[in-house]
Amino acid sequence: MAPPPAPVADASRCTRPPPDMRTAIALPFAWLIVFFLLPFALVMTIALGTNAPDAAPPVALGLSLDNFKLLFTDDLYVAAWLNSLRIAATSTMVTLLLGYPMAYAIARAAPERRPLLLTLVVLPFWTSFLIRVYAWMGLLAENGILNQFLRWTGLVPHPGTILGTEWAVHIGIVYAYLPFMVLPLYAALEKLDWGLLEAAADLGARPTVAFLTVTLPLSLPGIVAGCLLVFIPAVGEFVIPDLLGGTGTLMIGKVLWDEFFTNGDWPLASAVAICLLVLLVGPIALFQRQQARSLERRP
Amino acid sequence: MTEPIVRLEGVAKRFGDVAAVDGVDLEIGTGELFALLGGSGCGKTTLLRLLAGFEAPDAGRILIGGRDMADVPPHRRPVNMMFQSYALFPHMDVTANIAYGLRREGLARGEIATRVAEALALVKLDGLGARRPAQLSGGQRQRVALARALVKRPKLLLLDEPLAALDRKLREGTRFELVRLQEQLGLTFVMVTHDQEEAMSMATRLAVMNAGRIAQTGTPHDLYERPASRFVADFVGIANILDLGDGRWLAIRPEKIGLSVDRPETAHAIAGNILDVAYEGDRSLYRVAVKGGPVMLVSRTNMLRLERESFGRGQHVWLGWSSDAGQVLNE
């Protein structure tokens, strides 16, 4: 077999882009510099300063790493960070377990019904995120609809209050981020050649075995994309733990808010923000690489 | 016929309003290379999928090796299928693709490795075990699909348009290759094809299908020389069909008709003018307008290397054939 021709044209296009193309490339770079790099430098500068409650803004500039040191030595911050990771991880798992059957069912539905089902998945986006989380406060409250229903069935005569617990945070995250799991999973499953499952059955694979050896590995890019799309924002989530979690649930996003608005400690809040960003670079890079790879693999 | 490995009794399958398979009775003997031949939508692929278990019949019985397959799911049937699209697993290399069926049987690692190596050698793909399907040519993929189905040593191998995705040159070589494998391994093949040349040259017996029914079953020779209906006469090879009146027709093949300048001594003779000549190298096809009749096709083998045709366009000629040259049809 002849080796595939070397992509000569592509290589030359990369090294010397034509002028109009350079403008096109410059635009997103300019955007990133103005709206990401400059603000990041600003936050970094504040984080290296010290708290000056009487100044406006309340920062005394400097080159101190004390704020960062505090984050790694104070148990509160370490605990908040680990808690965030744990809650984000378990919520992501639950979202995957709920989202996979949904995506699978949509991908196997008749082609003319799929647009309707996909619309239903993204329908919650038509309402503000904040309002939807407020709605859950009503559902999960002491005398909320969920508890009323539990009492009415008689199965749980004295249900405890879910609102204000970690359960509520999990429910909120799973609810809010489910579409971000379903959509990439659907995209992966929709491309799957169902004839491969017939081939697996023909070769003696039971339906469960065919799923584990064919469907699951071939939908892996969708699983990775969906998990990261849920996990990354869930780690830094503030609204859900603040409104549903109550005081007992410690998450890094809430800590950041408290340092900034309650304690007015801008430098410490900035340090928390930078740590959050740095620690999420790993999963984000993983996501980018996986996306690039699935793009390359496309024929 | 030898003992039947496949027996279909009144099998029917509908998709909505369409009867894909409409009451098929068929027996296929052990060791046969049986072809299901028909145009698109005639039900041949549905019939194959019914045998594999991917579709359930609405009526009738399917027996494989004497056993009723009604409650047997695809993964428990003693058959393997080679898919038209090949359906190779893209996330596995060639070895893993071929080993897939053996691993489902729970065989030992060593035994699997031996049988995969044998299968690779059988289809002449030694050394390509580590490749992914995407790294193979069309012909190589076809052979991986064949090896993957053969390695399970099925009693019955189903082939859905096995050669359709190959280019013409490769197709002819692979045709002989498949027949060689079938004879060497002593397996029963059931092959679906729309290509009558393919079916005729490979099959020991074939069934011509039309609108969900079997129009005729027989050896390639039977079907060509003794077609049962105008449909079969027309579908298998080329036939001149002459209306004899009273619901009877005569089907006569172009090569069974003699072409001459003078009136021949044969039982039947008819005069006409040549409309067209199609030179095909090995033979030439003549379209002859018969006086008061249809346009007839006559073929002549080009045995001499003459530059000029012995018969030209517009020439007045005689067609002649003997009394047993054609087949009288009632439908």
# chains A, B, ... in the order shown; residues from 1 in each chain; ligands from 1
>>> interface_residues(of="chain A", to="chain B", cutoff="9 Å", atoms="only C-alpha atoms", output="list in words")
Met1, Asp193, Gly195, Leu196, Leu197, Glu198, Ala199, Ala200, Ala201, Asp202, Leu203, Gly204, Ala205, Arg206, Pro207, Val209, Val214, Pro217 and Leu218 of chain A
>>> select_by_dssp(residues="region 43-181 of chain B", states="helix (DSSP H, G or I)", output="JSON list (two decimals) with C-alpha atoms, in the first residue's frame")
[["chain", "number", "residue", "atom", "x", "y", "z"],
["B", 44, "LYS", "CA", -33.32, -11.07, -0.53],
["B", 45, "THR", "CA", -31.55, -9.12, 2.21],
["B", 46, "THR", "CA", -34.57, -9.42, 4.53],
["B", 47, "LEU", "CA", -34.48, -13.16, 3.98],
["B", 48, "LEU", "CA", -30.79, -13.22, 4.98],
["B", 49, "ARG", "CA", -31.51, -11.09, 8.06],
["B", 50, "LEU", "CA", -34.30, -13.49, 9.02],
["B", 51, "LEU", "CA", -31.79, -16.34, 8.89],
["B", 52, "ALA", "CA", -29.33, -14.38, 11.05],
["B", 74, "PRO", "CA", -28.93, -13.83, 16.93],
["B", 75, "HIS", "CA", -26.09, -14.39, 19.40],
["B", 76, "ARG", "CA", -27.12, -18.02, 19.92],
["B", 94, "VAL", "CA", -7.55, -6.75, 12.90],
["B", 95, "THR", "CA", -6.56, -9.41, 15.44],
["B", 96, "ALA", "CA", -9.09, -8.17, 18.01],
["B", 97, "ASN", "CA", -11.79, -8.01, 15.34],
["B", 98, "ILE", "CA", -11.20, -11.63, 14.34],
["B", 99, "ALA", "CA", -10.79, -12.77, 17.95],
["B", 100, "TYR", "CA", -14.05, -11.06, 19.04],
["B", 101, "GLY", "CA", -16.30, -14.04, 18.32],
["B", 102, "LEU", "CA", -13.88, -16.53, 19.85],
["B", 103, "ARG", "CA", -13.58, -14.49, 23.05],
["B", 104, "ARG", "CA", -17.38, -14.59, 23.36],
["B", 109, "ARG", "CA", -5.97, -17.28, 25.08],
["B", 110, "GLY", "CA", -3.60, -19.69, 23.33],
["B", 111, "GLU", "CA", -6.36, -21.33, 21.35],
["B", 112, "ILE", "CA", -7.72, -17.93, 20.28],
["B", 113, "ALA", "CA", -4.26, -16.81, 19.11],
["B", 114, "THR", "CA", -3.80, -20.02, 17.09],
["B", 115, "ARG", "CA", -7.18, -19.78, 15.41],
["B", 116, "VAL", "CA", -6.81, -16.08, 14.64],
["B", 117, "ALA", "CA", -3.42, -16.79, 13.02],
["B", 118, "GLU", "CA", -5.01, -19.60, 10.99],
["B", 119, "ALA", "CA", -7.84, -17.35, 9.88],
["B", 120, "LEU", "CA", -5.41, -14.59, 8.88],
["B", 121, "ALA", "CA", -3.40, -17.08, 6.84],
["B", 122, "LEU", "CA", -6.58, -18.44, 5.25],
["B", 133, "PRO", "CA", -9.65, -1.25, 9.87],
["B", 134, "ALA", "CA", -9.14, 2.38, 8.82],
["B", 135, "GLN", "CA", -5.58, 1.51, 7.78],
["B", 138, "GLY", "CA", -11.22, -2.11, 0.68],
["B", 139, "GLY", "CA", -10.12, -5.58, -0.40],
["B", 140, "GLN", "CA", -8.25, -6.16, 2.85],
["B", 141, "ARG", "CA", -11.27, -5.07, 4.90],
["B", 142, "GLN", "CA", -13.43, -7.50, 2.97],
["B", 143, "ARG", "CA", -11.04, -10.32, 3.87],
["B", 144, "VAL", "CA", -10.97, -9.31, 7.55],
["B", 145, "ALA", "CA", -14.78, -9.44, 7.58],
["B", 146, "LEU", "CA", -14.62, -12.88, 5.97],
["B", 147, "ALA", "CA", -11.99, -14.12, 8.45],
["B", 148, "ARG", "CA", -14.00, -12.78, 11.39],
["B", 149, "ALA", "CA", -17.06, -14.73, 10.26],
["B", 150, "LEU", "CA", -15.14, -17.90, 9.28],
["B", 168, "ARG", "CA", -14.20, -4.90, -10.81],
["B", 169, "LYS", "CA", -10.73, -6.45, -11.09],
["B", 170, "LEU", "CA", -10.60, -7.42, -7.43],
["B", 171, "ARG", "CA", -14.15, -8.74, -7.57],
["B", 172, "GLU", "CA", -13.30, -11.38, -10.17],
["B", 173, "GLY", "CA", -10.31, -12.70, -8.22],
["B", 174, "THR", "CA", -12.26, -12.73, -4.96],
["B", 175, "ARG", "CA", -15.09, -14.67, -6.58],
["B", 176, "PHE", "CA", -12.81, -17.69, -7.14],
["B", 177, "GLU", "CA", -11.26, -17.17, -3.71],
["B", 178, "LEU", "CA", -14.66, -17.46, -1.99],
["B", 179, "VAL", "CA", -15.56, -20.59, -3.91],
["B", 180, "ARG", "CA", -12.16, -22.11, -3.05],
["B", 181, "LEU", "CA", -12.68, -21.37, 0.68]]
>>> atom_distance(atom1="CA of Leu243 (chain A)", atom2="CA of Gly172 (chain A)")
9.6 Å
>>> residues_around(residues="Met296 (chain B)", least_positions_apart="3", cutoff="7 Å", atoms="only C-alpha atoms", output="list in words")
Asn240, Arg287, Val288 and Ala289 of chain B
>>> atom_distance(atom1="CA of Arg108 (chain A)", atom2="CA of Leu286 (chain A)")
29.0 Å
>>> residues_around(residues="Ala278 (chain B)", least_positions_apart="2", cutoff="12 Å", atoms="only C-alpha atoms", output="list in words")
Ile274, Leu275, Asp276, Glu280, Gly281, Asp282, Arg283, Ser284, Leu285, Tyr286, Arg287, Val288, Leu297, Val298, Ser299, Arg300, Asn302, Glu309, Phe311, Gly312 and Arg313 of chain B
>>> residues_around(residues="Leu319 (chain B)", least_positions_apart="2", cutoff="12 Å", atoms="only C-alpha atoms", output="count of residues only")
37
